[in-house]
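This is input-v3.txt. It holds compact mmCIF, C-alpha atoms and all ligand atoms.
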```txt
# COMPACT_ATOMS: atom_id res chain seq x y z
CA MET A 1 70.66 113.19 106.10
CA THR A 2 69.16 113.65 102.65
CA SER A 3 66.12 115.67 101.71
CA GLN A 4 64.38 112.36 100.96
CA SER A 5 64.68 111.14 104.55
CA ARG A 6 61.50 110.28 106.39
CA VAL A 7 60.78 110.95 110.06
CA LEU A 8 58.14 109.44 112.31
CA SER A 9 57.32 110.05 115.93
CA GLY A 10 54.38 109.84 118.31
CA ILE A 11 52.95 111.26 121.51
CA GLN A 12 50.48 109.71 123.93
CA PRO A 13 47.17 111.41 124.71
CA THR A 14 47.75 110.89 128.43
CA GLY A 15 46.82 113.85 130.63
CA ASP A 16 44.84 116.91 129.59
CA SER A 17 47.84 118.64 128.04
CA MET A 18 51.35 117.90 126.87
CA GLN A 19 54.05 118.86 129.32
CA LEU A 20 57.05 121.09 128.67
CA GLY A 21 59.42 118.09 128.31
CA ASN A 22 57.29 116.62 125.50
CA TYR A 23 57.52 119.93 123.67
CA LEU A 24 61.22 120.68 124.21
CA GLY A 25 62.46 117.10 123.93
CA ALA A 26 60.42 116.04 120.92
CA VAL A 27 57.64 118.18 119.45
CA ARG A 28 59.81 121.23 118.82
CA ASN A 29 62.02 119.05 116.60
CA TRP A 30 58.96 117.63 114.87
CA VAL A 31 57.98 121.15 113.84
CA SER A 32 61.38 122.01 112.40
CA MET A 33 61.69 118.62 110.66
CA GLN A 34 58.58 119.27 108.58
CA ASP A 35 60.93 121.14 106.29
CA GLY A 36 63.51 118.96 104.62
CA TYR A 37 61.95 115.65 105.68
CA GLU A 38 58.90 113.65 104.80
CA ALA A 39 57.27 113.83 108.22
CA TYR A 40 54.74 111.47 109.86
CA TYR A 41 53.47 112.18 113.37
CA CYS A 42 50.87 110.26 115.30
CA VAL A 43 48.86 110.54 118.46
CA VAL A 44 49.53 107.11 119.93
CA ASP A 45 46.24 106.40 121.62
CA LEU A 46 46.79 102.62 121.67
CA HIS A 47 49.83 103.21 123.88
CA SER A 48 47.90 105.49 126.19
CA ILE A 49 45.75 102.71 127.68
CA THR A 50 48.72 100.62 128.84
CA ILE A 51 48.78 101.94 132.38
CA GLU A 52 45.21 102.92 133.11
CA ALA A 53 42.50 103.40 130.53
CA PRO A 54 40.62 106.65 131.19
CA GLU A 55 36.87 107.10 130.67
CA PRO A 56 36.17 106.58 126.93
CA ALA A 57 34.88 110.14 126.44
CA LEU A 58 37.95 111.52 128.18
CA LEU A 59 40.33 109.54 125.98
CA ARG A 60 38.57 110.86 122.87
CA GLN A 61 38.79 114.41 124.24
CA ARG A 62 42.48 114.02 125.12
CA THR A 63 43.23 112.69 121.63
CA ARG A 64 41.72 115.85 120.14
CA ILE A 65 43.57 118.01 122.70
CA VAL A 66 46.96 116.56 121.78
CA ALA A 67 46.18 116.92 118.07
CA ALA A 68 45.18 120.56 118.63
CA GLN A 69 48.32 121.19 120.69
CA LEU A 70 50.51 119.70 117.97
CA LEU A 71 48.91 122.03 115.43
CA ALA A 72 49.26 124.96 117.84
CA ALA A 73 52.95 124.07 118.24
CA GLY A 74 53.38 124.54 114.50
CA LEU A 75 52.63 121.25 112.76
CA ASP A 76 51.08 122.02 109.40
CA PRO A 77 48.90 119.27 107.88
CA GLU A 78 49.99 120.46 104.44
CA ARG A 79 53.65 119.80 105.29
CA CYS A 80 53.36 116.70 107.47
CA THR A 81 51.03 113.75 107.96
CA LEU A 82 49.29 113.93 111.33
CA PHE A 83 47.15 110.96 112.30
CA VAL A 84 45.82 108.85 115.15
CA GLN A 85 47.48 105.48 115.73
CA SER A 86 44.22 103.53 116.22
CA HIS A 87 42.97 104.76 112.84
CA ARG A 88 45.56 102.52 111.18
CA PRO A 89 45.03 98.84 112.06
CA GLU A 90 48.40 98.01 110.45
CA HIS A 91 50.15 99.09 113.69
CA THR A 92 48.74 96.23 115.77
CA GLN A 93 48.90 93.84 112.82
CA LEU A 94 52.64 94.37 112.41
CA SER A 95 53.19 94.44 116.15
CA TRP A 96 52.11 90.79 116.42
CA VAL A 97 54.78 89.66 113.98
CA LEU A 98 57.43 91.68 115.82
CA GLU A 99 56.30 90.26 119.18
CA CYS A 100 56.99 86.81 117.78
CA ILE A 101 60.63 87.68 117.05
CA THR A 102 61.25 89.52 120.35
CA GLY A 103 62.94 87.58 123.13
CA PHE A 104 61.18 87.66 126.49
CA GLY A 105 64.44 88.60 128.21
CA GLU A 106 65.03 91.33 125.66
CA ALA A 107 61.62 92.89 126.35
CA ASN A 108 62.20 92.43 130.07
CA ARG A 109 65.29 94.66 129.94
CA MET A 110 63.29 97.77 128.98
CA THR A 111 63.85 100.23 131.80
CA GLN A 112 60.70 102.23 131.11
CA PHE A 113 58.60 99.14 131.89
CA LYS A 114 60.47 98.76 135.16
CA ASP A 115 60.00 102.47 136.01
CA LYS A 116 56.35 102.59 135.07
CA SER A 117 55.42 99.32 136.76
CA ALA A 118 57.35 100.13 139.93
CA LYS A 119 54.43 101.88 141.62
CA SER A 120 51.88 99.07 141.43
CA GLY A 121 54.25 96.12 140.99
CA VAL A 122 54.94 93.97 137.92
CA ASP A 123 52.32 91.35 138.78
CA ARG A 124 49.54 93.92 138.78
CA GLN A 125 50.60 95.43 135.47
CA GLY A 126 48.82 94.77 132.18
CA VAL A 127 50.75 92.84 129.53
CA GLY A 128 50.25 95.83 127.20
CA LEU A 129 52.76 97.88 129.17
CA PHE A 130 55.28 95.07 128.73
CA THR A 131 54.78 94.84 124.97
CA TYR A 132 54.51 98.62 124.50
CA PRO A 133 58.04 98.98 123.01
CA ILE A 134 57.21 96.34 120.38
CA LEU A 135 54.10 98.23 119.29
CA GLN A 136 56.29 101.33 119.20
CA ALA A 137 58.72 99.47 116.91
CA ALA A 138 55.79 98.63 114.61
CA ASP A 139 54.72 102.32 114.60
CA ILE A 140 58.15 103.24 113.27
CA LEU A 141 58.97 100.35 110.95
CA LEU A 142 55.63 100.49 109.11
CA TYR A 143 56.62 103.87 107.68
CA GLN A 144 60.22 102.94 106.79
CA ALA A 145 61.32 105.94 108.86
CA ASN A 146 64.97 107.00 108.70
CA TYR A 147 64.87 109.19 111.82
CA VAL A 148 62.78 109.21 114.96
CA PRO A 149 62.85 112.53 116.84
CA VAL A 150 62.32 111.66 120.53
CA GLY A 151 63.52 112.60 124.00
CA GLU A 152 66.41 110.82 125.71
CA ASP A 153 63.99 108.51 127.59
CA GLN A 154 63.15 106.75 124.31
CA ARG A 155 66.73 105.82 123.36
CA GLN A 156 66.48 102.23 124.61
CA HIS A 157 63.19 101.64 122.79
CA LEU A 158 64.80 102.89 119.59
CA GLU A 159 67.62 100.40 120.04
CA LEU A 160 65.05 97.61 120.32
CA THR A 161 63.35 98.87 117.14
CA ARG A 162 66.67 98.76 115.30
CA ASP A 163 67.42 95.25 116.59
CA LEU A 164 64.01 93.95 115.49
CA ALA A 165 64.34 95.51 112.03
CA GLN A 166 67.78 93.99 111.56
CA ARG A 167 66.65 90.59 112.84
CA PHE A 168 63.63 90.47 110.52
CA ASN A 169 65.68 91.67 107.54
CA ALA A 170 68.37 89.06 108.22
CA LYS A 171 65.83 86.26 108.31
CA TYR A 172 63.42 87.27 105.54
CA GLY A 173 65.40 89.68 103.35
CA GLN A 174 65.38 93.48 103.23
CA THR A 175 61.99 94.62 104.51
CA PHE A 176 62.44 97.45 107.01
CA THR A 177 64.55 100.60 107.04
CA VAL A 178 66.70 100.56 110.19
CA PRO A 179 65.91 103.92 111.84
CA ASP A 180 68.16 106.24 113.82
CA ALA A 181 67.05 108.14 116.89
CA PHE A 182 67.18 111.91 116.52
CA ILE A 183 67.77 113.20 120.03
CA GLY A 184 68.53 116.86 120.76
CA THR A 185 71.14 117.99 123.24
CA SER A 186 70.45 120.01 126.39
CA ALA A 187 66.63 119.83 126.22
CA ALA A 188 66.48 116.10 125.46
CA LYS A 189 65.68 115.33 129.08
CA ILE A 190 63.75 117.97 130.97
CA LEU A 191 63.64 117.08 134.66
CA ASP A 192 60.85 117.16 137.21
CA LEU A 193 60.94 120.52 139.00
CA GLN A 194 60.40 118.94 142.43
CA ASP A 195 62.53 115.84 141.91
CA PRO A 196 65.38 116.48 139.46
CA SER A 197 66.40 112.82 139.64
CA ALA A 198 63.32 112.01 137.51
CA LYS A 199 62.28 113.25 134.07
CA MET A 200 59.34 115.62 133.84
CA SER A 201 56.29 113.53 133.03
CA LYS A 202 52.54 113.84 132.68
CA SER A 203 52.12 111.00 135.14
CA ARG A 204 54.14 112.64 137.95
CA PRO A 205 52.75 114.97 140.64
CA ASP A 206 51.49 118.30 139.32
CA ALA A 207 53.96 120.55 141.19
CA GLY A 208 56.96 119.20 139.31
CA THR A 209 55.41 119.27 135.83
CA ILE A 210 54.70 122.28 133.65
CA TYR A 211 51.71 121.60 131.44
CA LEU A 212 51.52 123.81 128.40
CA ALA A 213 47.87 124.42 129.29
CA ASP A 214 48.82 125.76 132.75
CA ASP A 215 47.91 129.41 133.28
CA PRO A 216 50.74 131.94 133.69
CA ALA A 217 50.32 132.09 137.49
CA ALA A 218 50.66 128.31 137.81
CA ILE A 219 53.71 128.21 135.55
CA THR A 220 55.39 130.99 137.51
CA ARG A 221 54.55 129.39 140.85
CA LYS A 222 55.93 125.98 139.80
CA ILE A 223 59.17 127.46 138.51
CA LYS A 224 59.66 129.68 141.57
CA ARG A 225 59.24 126.62 143.81
CA ALA A 226 61.57 124.44 141.71
CA VAL A 227 64.11 122.50 143.79
CA THR A 228 67.67 123.79 143.29
CA ASP A 229 70.60 123.66 145.73
CA ALA A 230 72.14 125.66 148.53
CA ASP A 231 75.39 127.00 147.07
CA GLY A 232 73.79 129.96 145.27
CA ASP A 233 76.12 129.71 142.28
CA ILE A 234 74.53 129.88 138.82
CA ARG A 235 76.48 127.20 137.00
CA TYR A 236 75.45 124.64 134.36
CA ASP A 237 76.52 121.33 135.83
CA PRO A 238 73.88 118.61 135.33
CA GLU A 239 75.82 116.11 137.49
CA THR A 240 76.14 118.08 140.70
CA LYS A 241 73.48 120.76 140.17
CA PRO A 242 70.64 118.96 138.32
CA GLY A 243 67.78 121.23 139.44
CA LEU A 244 69.53 124.48 138.56
CA SER A 245 70.94 123.05 135.33
CA ASN A 246 67.42 121.98 134.35
CA LEU A 247 66.25 125.60 134.71
CA LEU A 248 69.20 126.81 132.62
CA ALA A 249 68.39 124.19 129.96
CA ILE A 250 64.72 125.23 129.90
CA HIS A 251 65.57 128.91 129.59
CA ALA A 252 68.14 128.20 126.87
CA ALA A 253 65.64 126.13 124.89
CA MET A 254 62.87 128.72 125.25
CA THR A 255 65.10 131.59 124.16
CA GLY A 256 67.03 129.77 121.42
CA THR A 257 70.45 129.80 123.05
CA THR A 258 72.71 127.44 125.01
CA PRO A 259 72.83 126.76 128.76
CA ALA A 260 76.43 128.05 128.81
CA LYS A 261 75.31 131.41 127.40
CA VAL A 262 72.43 131.64 129.89
CA GLU A 263 74.89 130.88 132.69
CA ALA A 264 77.19 133.67 131.46
CA GLY A 265 74.26 136.10 131.18
CA PHE A 266 73.27 135.52 134.82
CA ALA A 267 76.77 135.80 136.27
CA GLY A 268 76.61 137.45 139.67
CA GLN A 269 72.81 137.20 139.94
CA GLY A 270 70.71 135.08 142.30
CA TYR A 271 68.48 132.06 141.78
CA GLY A 272 65.39 134.26 142.24
CA GLN A 273 66.30 136.40 139.22
CA LEU A 274 67.01 133.33 137.11
CA LYS A 275 63.70 131.71 138.08
CA ALA A 276 61.77 134.87 137.22
CA ALA A 277 63.39 134.96 133.78
CA VAL A 278 62.72 131.25 133.18
CA ALA A 279 59.07 131.73 134.14
CA ASP A 280 58.75 134.71 131.76
CA SER A 281 60.25 132.76 128.86
CA VAL A 282 57.94 129.78 129.39
CA VAL A 283 54.84 131.99 129.82
CA ALA A 284 55.73 133.95 126.67
CA PHE A 285 55.45 130.68 124.73
CA ALA A 286 52.64 128.99 126.67
CA GLN A 287 50.12 131.86 126.60
CA PRO A 288 49.67 132.24 122.82
CA PHE A 289 50.05 128.46 122.49
CA ALA A 290 47.12 127.91 124.87
CA SER A 291 44.86 130.37 123.10
CA ARG A 292 45.65 128.87 119.68
CA THR A 293 44.89 125.41 121.12
CA ARG A 294 41.53 126.66 122.45
CA GLU A 295 40.63 128.07 119.03
CA LEU A 296 41.43 124.77 117.33
CA LEU A 297 39.39 122.82 119.87
CA GLU A 298 36.36 124.98 119.10
CA ASP A 299 36.06 123.14 115.79
CA PRO A 300 36.40 119.43 116.59
CA ALA A 301 34.90 118.43 113.23
CA GLU A 302 37.74 120.17 111.40
CA LEU A 303 40.29 118.52 113.70
CA ASP A 304 38.73 115.14 112.95
CA ARG A 305 38.90 115.86 109.21
CA ILE A 306 42.61 116.70 109.46
CA LEU A 307 43.23 113.45 111.33
CA ALA A 308 41.16 111.41 108.87
CA ARG A 309 43.13 112.84 105.92
CA GLY A 310 46.33 112.01 107.79
CA ALA A 311 45.23 108.41 108.39
CA GLU A 312 44.44 108.03 104.70
CA ARG A 313 47.89 109.31 103.72
CA ALA A 314 49.48 107.04 106.34
CA ARG A 315 47.78 104.05 104.75
CA ALA A 316 49.73 104.57 101.53
CA LEU A 317 52.92 103.62 103.41
CA ALA A 318 51.64 101.35 106.16
CA GLY A 319 49.55 99.11 103.87
CA PRO A 320 52.36 98.03 101.52
CA THR A 321 54.84 97.48 104.40
CA LEU A 322 52.37 95.24 106.20
CA ALA A 323 51.49 93.32 103.03
CA ASP A 324 55.18 92.78 102.28
CA THR A 325 55.83 91.60 105.86
CA TYR A 326 52.90 89.18 105.89
CA ASP A 327 53.95 87.81 102.51
CA LYS A 328 57.55 87.28 103.67
CA VAL A 329 56.39 85.52 106.84
CA GLY A 330 54.27 83.22 104.68
CA PHE A 331 50.73 84.20 105.63
CA LEU A 332 48.41 83.12 102.82
CA ALA A 333 47.03 86.21 101.10
CA PRO A 334 43.22 86.33 100.89
CA ALA A 335 41.92 85.64 97.38
CA VAL A 336 40.73 88.73 95.55
CA GLY A 337 37.09 88.72 94.32
N1 LIG B 1 60.96 115.07 130.39
C1 LIG B 1 61.15 114.93 129.08
N2 LIG B 1 62.20 115.55 128.48
C2 LIG B 1 62.40 115.43 127.14
N3 LIG B 1 61.58 114.72 126.33
C3 LIG B 1 60.52 114.10 126.89
N4 LIG B 1 59.52 113.35 126.39
C4 LIG B 1 58.70 112.97 127.39
N5 LIG B 1 59.12 113.47 128.55
C5 LIG B 1 60.25 114.18 128.28
C6 LIG B 1 59.39 113.01 124.98
O1 LIG B 1 58.07 113.38 124.57
C7 LIG B 1 57.65 112.52 123.52
C8 LIG B 1 56.24 112.09 123.73
O2 LIG B 1 56.17 111.36 124.95
P1 LIG B 1 54.90 110.47 125.29
O3 LIG B 1 53.78 111.29 125.74
O4 LIG B 1 54.56 109.64 124.12
O5 LIG B 1 55.38 109.49 126.40
P2 LIG B 1 56.30 109.69 127.63
O6 LIG B 1 57.73 109.75 127.19
O7 LIG B 1 55.96 108.61 128.58
O8 LIG B 1 55.88 111.13 128.16
P3 LIG B 1 55.28 111.50 129.57
O9 LIG B 1 54.97 112.94 129.59
O10 LIG B 1 56.19 110.99 130.62
O11 LIG B 1 53.91 110.73 129.57
P4 LIG B 1 53.34 109.67 130.61
O12 LIG B 1 53.45 110.29 131.96
O13 LIG B 1 51.92 109.45 130.20
O14 LIG B 1 54.15 108.44 130.48
C9 LIG B 1 58.66 111.36 123.48
O15 LIG B 1 59.52 111.52 122.36
C10 LIG B 1 59.46 111.52 124.74
O16 LIG B 1 60.80 111.10 124.58
```
Can you dump the structure from the file as structure tokens?
Amino acid sequence: MTSQSRVLSGIQPTGDSMQLGNYLGAVRNWVSMQDGYEAYYCVVDLHSITIEAPEPALLRQRTRIVAAQLLAAGLDPERCTLFVQSHRPEHTQLSWVLECITGFGEANRMTQFKDKSAKSGVDRQGVGLFTYPILQAADILLYQANYVPVGEDQRQHLELTRDLAQRFNAKYGQTFTVPDAFIGTSAAKILDLQDPSAKMSKSRPDAGTIYLADDPAAITRKIKRAVTDADGDIRYDPETKPGLSNLLAIHAAMTGTTPAKVEAGFAGQGYGQLKAAVADSVVAFAQPFASRTRELLEDPAELDRILARGAERARALAGPTLADTYDKVGFLAPAVG
């Protein structure tokens, strides 16, 4: 990786707060990658209406909440470009071209579509959920990003993005940078506390998900009730002890160490002691984070100004990439004047 490398990533304004998995799997890396990379981060509101569009006022509020949480997490608008996806029409404009080079079977293999449409059934799902990974590819390719810091669940979408970039480049000549996923290790997939066979998610039942806006009592209660196993042995083994290993991974990530070291530190102790320590480490982060978020939300006009400046900076990259793509495809450019 060179100091010139560019990173881009996004988060949906679904739910009233990001969840711990969003932070540990992705956003924490976004913060550290502001230094040493040219960093672009967006609140992907277009993606957030693919399952169920919330009330318009609520979507606007959630967009500001996520932006405030990203700033509270440590994004600095002087060191990164933070913007809202719908503020840049180039995303949907490029997405159309990419849709036209995506095979139906290829899109149909995306496991997240299968997971997310499972509840209501494919036939009842909007087409937007199906084409979501193609819009995501446009989000990334517009900015010629070298790295995309995401959680493990996004690996397959990143592969599709790479395939589309390579396919377009092969047909029309070098146009897009082919990006690499940047996926962390033990915190790349934080699991649901009640069902450790699933990833933690904003759209899953509340008891298994830690929202960073949860109050300390709720965080502690959810962690104390987390599903573990019956053998009572504190051991990091994601295969056979997913629930317990998830707690070790969370504690390691919150305290800046490794699951193996947490395991060693709790040798001879019980699950209750481990859970209490995990809860303390999450609360120690979430409490100041929540109050900083509240402060930022008290000045929505300033938040909107930060996002508008970000969208303007984003245009400097997105505009030329789109113009180049449209020219290569052969769309007639509008006459000037
Ligand atoms: N459980 C997780 N562990 C690690 N990383 C995760 N991410 C999400 N869940 C976990 C990462 O967070 C980033 C932003 O995700 P998103 O909000 O854009 O979409 P998502 O992956 O669909 O997240 P949710 O919380 O599950 O939202 P809903 O329920 O609305 O779909 C991504 O980089 C993702 O990898």
Can you check which parts of chain A lie within 9 Å of ligand LIG 1 (chain B)? Per residue, the shortest pair of atoms and distance in Å to one decimal, counting all atoms listed in the file, sorted by chain and number, as JSON lines.
```
{"residue": "A:Ser9", "atom": "CA", "partner": "B:LIG1", "partner_atom": "O15", "distance": 7.0}
{"residue": "A:Gly10", "atom": "CA", "partner": "B:LIG1", "partner_atom": "O4", "distance": 5.8}
{"residue": "A:Ile11", "atom": "CA", "partner": "B:LIG1", "partner_atom": "O4", "distance": 3.5}
{"residue": "A:Gln12", "atom": "CA", "partner": "B:LIG1", "partner_atom": "O3", "distance": 4.1}
{"residue": "A:Pro13", "atom": "CA", "partner": "B:LIG1", "partner_atom": "O3", "distance": 6.7}
{"residue": "A:Thr14", "atom": "CA", "partner": "B:LIG1", "partner_atom": "O13", "distance": 4.8}
{"residue": "A:Gly15", "atom": "CA", "partner": "B:LIG1", "partner_atom": "O13", "distance": 6.7}
{"residue": "A:Met18", "atom": "CA", "partner": "B:LIG1", "partner_atom": "O9", "distance": 6.7}
{"residue": "A:Gln19", "atom": "CA", "partner": "B:LIG1", "partner_atom": "O9", "distance": 6.0}
{"residue": "A:Leu20", "atom": "CA", "partner": "B:LIG1", "partner_atom": "N1", "distance": 7.4}
{"residue": "A:Gly21", "atom": "CA", "partner": "B:LIG1", "partner_atom": "C1", "distance": 3.7}
{"residue": "A:Asn22", "atom": "CA", "partner": "B:LIG1", "partner_atom": "O1", "distance": 3.5}
{"residue": "A:Tyr23", "atom": "CA", "partner": "B:LIG1", "partner_atom": "O1", "distance": 6.6}
{"residue": "A:Leu24", "atom": "CA", "partner": "B:LIG1", "partner_atom": "C2", "distance": 6.1}
{"residue": "A:Gly25", "atom": "CA", "partner": "B:LIG1", "partner_atom": "N3", "distance": 3.5}
{"residue": "A:Ala26", "atom": "CA", "partner": "B:LIG1", "partner_atom": "O15", "distance": 4.8}
{"residue": "A:Val27", "atom": "CA", "partner": "B:LIG1", "partner_atom": "C7", "distance": 7.0}
{"residue": "A:Val43", "atom": "CA", "partner": "B:LIG1", "partner_atom": "O4", "distance": 8.1}
{"residue": "A:Val44", "atom": "CA", "partner": "B:LIG1", "partner_atom": "O4", "distance": 7.0}
{"residue": "A:His47", "atom": "CA", "partner": "B:LIG1", "partner_atom": "O4", "distance": 8.0}
{"residue": "A:Ser48", "atom": "CA", "partner": "B:LIG1", "partner_atom": "O13", "distance": 6.9}
{"residue": "A:Ile51", "atom": "CA", "partner": "B:LIG1", "partner_atom": "O13", "distance": 8.4}
{"residue": "A:Gln112", "atom": "CA", "partner": "B:LIG1", "partner_atom": "O7", "distance": 8.3}
{"residue": "A:Lys116", "atom": "CA", "partner": "B:LIG1", "partner_atom": "O14", "distance": 7.8}
{"residue": "A:Val148", "atom": "CA", "partner": "B:LIG1", "partner_atom": "O15", "distance": 8.4}
{"residue": "A:Pro149", "atom": "CA", "partner": "B:LIG1", "partner_atom": "O15", "distance": 6.5}
{"residue": "A:Val150", "atom": "CA", "partner": "B:LIG1", "partner_atom": "O15", "distance": 3.3}
{"residue": "A:Gly151", "atom": "CA", "partner": "B:LIG1", "partner_atom": "O16", "distance": 3.2}
{"residue": "A:Glu152", "atom": "CA", "partner": "B:LIG1", "partner_atom": "O16", "distance": 5.7}
{"residue": "A:Asp153", "atom": "CA", "partner": "B:LIG1", "partner_atom": "O16", "distance": 5.1}
{"residue": "A:Gln154", "atom": "CA", "partner": "B:LIG1", "partner_atom": "O16", "distance": 5.0}
{"residue": "A:Arg155", "atom": "CA", "partner": "B:LIG1", "partner_atom": "O16", "distance": 8.0}
{"residue": "A:Ile183", "atom": "CA", "partner": "B:LIG1", "partner_atom": "O16", "distance": 8.6}
{"residue": "A:Gly184", "atom": "CA", "partner": "B:LIG1", "partner_atom": "C2", "distance": 9.0}
{"residue": "A:Ala187", "atom": "CA", "partner": "B:LIG1", "partner_atom": "C2", "distance": 6.2}
{"residue": "A:Ala188", "atom": "CA", "partner": "B:LIG1", "partner_atom": "C2", "distance": 4.5}
{"residue": "A:Lys189", "atom": "CA", "partner": "B:LIG1", "partner_atom": "N2", "distance": 3.5}
{"residue": "A:Ile190", "atom": "CA", "partner": "B:LIG1", "partner_atom": "N2", "distance": 3.8}
{"residue": "A:Leu191", "atom": "CA", "partner": "B:LIG1", "partner_atom": "N1", "distance": 5.4}
{"residue": "A:Asp192", "atom": "CA", "partner": "B:LIG1", "partner_atom": "N1", "distance": 7.1}
{"residue": "A:Ala198", "atom": "CA", "partner": "B:LIG1", "partner_atom": "N1", "distance": 8.1}
{"residue": "A:Lys199", "atom": "CA", "partner": "B:LIG1", "partner_atom": "N1", "distance": 4.3}
{"residue": "A:Met200", "atom": "CA", "partner": "B:LIG1", "partner_atom": "N1", "distance": 3.9}
{"residue": "A:Ser201", "atom": "CA", "partner": "B:LIG1", "partner_atom": "O10", "distance": 3.5}
{"residue": "A:Lys202", "atom": "CA", "partner": "B:LIG1", "partner_atom": "O12", "distance": 3.7}
{"residue": "A:Ser203", "atom": "CA", "partner": "B:LIG1", "partner_atom": "O12", "distance": 3.5}
{"residue": "A:Arg204", "atom": "CA", "partner": "B:LIG1", "partner_atom": "O12", "distance": 6.5}
{"residue": "A:Thr209", "atom": "CA", "partner": "B:LIG1", "partner_atom": "N1", "distance": 8.8}
```
All residues 10 Å or closer to His157 (chain A), only C-alpha atoms, same chain fewer than 6 positions away omitted, as a PyMOL selection string: chain A and resi 107+110-112+132-134+136-137+163+181
Residue nearest Thr228 (chain A) among A:Pro259, A:Pro216, A:Pro89, A:Pro196 (counting all atoms listed in the file): A:Pro196
Gap from CA of Thr255 (chain A) to CA of Ala276 (chain A) - Å, one decimal: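 Spanning CA of Thr255 (chain A) to CA of Ala276 (chain A) is a straight-line distance of 13.9 Å.
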What are the closest atom pairs, with distances in Å to one decimal, for all residues of region 271-321 of chain A lying within 8 Å of region 249-253 of chain A? Consider only C-alpha atoms, order rows by chain and residue number, and present the result as a Markdown table.
```
| residue | atom | partner | partner_atom | distance |
| --- | --- | --- | --- | --- |
| A:Ala277 | CA | A:His251 | CA | 7.7 |
| A:Val278 | CA | A:His251 | CA | 5.1 |
| A:Ser281 | CA | A:His251 | CA | 6.6 |
| A:Val282 | CA | A:His251 | CA | 7.7 |
```
Write the residues of the selection above to a file with C-alpha atoms, as a CSV table (one decimal), in the coordinates of the input.
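Saved as part.csv:
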```
chain,number,residue,atom,x,y,z
A,277,ALA,CA,63.4,135.0,133.8
A,278,VAL,CA,62.7,131.2,133.2
A,281,SER,CA,60.2,132.8,128.9
A,282,VAL,CA,57.9,129.8,129.4
```
Cut-off 12 Å around (45.1, 100.8, 113.9) with all atoms listed in the file: residues as a PyMOL selection string: chain A and resi 42-47+83-95+135+138-139+142+311-312+314-315+318-319+322
Close residues, Phe176 (chain A) itself excluded, 8 Å, only C-alpha atoms, min 3 positions apart in chain, as a count of residues only: 7
Atom pair CA of Thr257 (chain A) / CA of Val31 (chain A): separation (Å):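 Result for CA of Thr257 (chain A) versus CA of Val31 (chain A): 17.8 Å, one decimal.
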I want to know what sits within 10 Å of Ser32 (chain A), based on all atoms listed in the file, with residues of the same chain fewer than 4 positions away left out; could you give that as a compact mmCIF listing (two decimals) with C-alpha atoms, in the coordinates of the input?
```
# COMPACT_ATOMS: atom_id res chain seq x y z
CA VAL A 27 57.64 118.18 119.45
CA ARG A 28 59.81 121.23 118.82
CA GLY A 36 63.51 118.96 104.62
CA TYR A 37 61.95 115.65 105.68
CA GLY A 74 53.38 124.54 114.50
CA LEU A 75 52.63 121.25 112.76
```
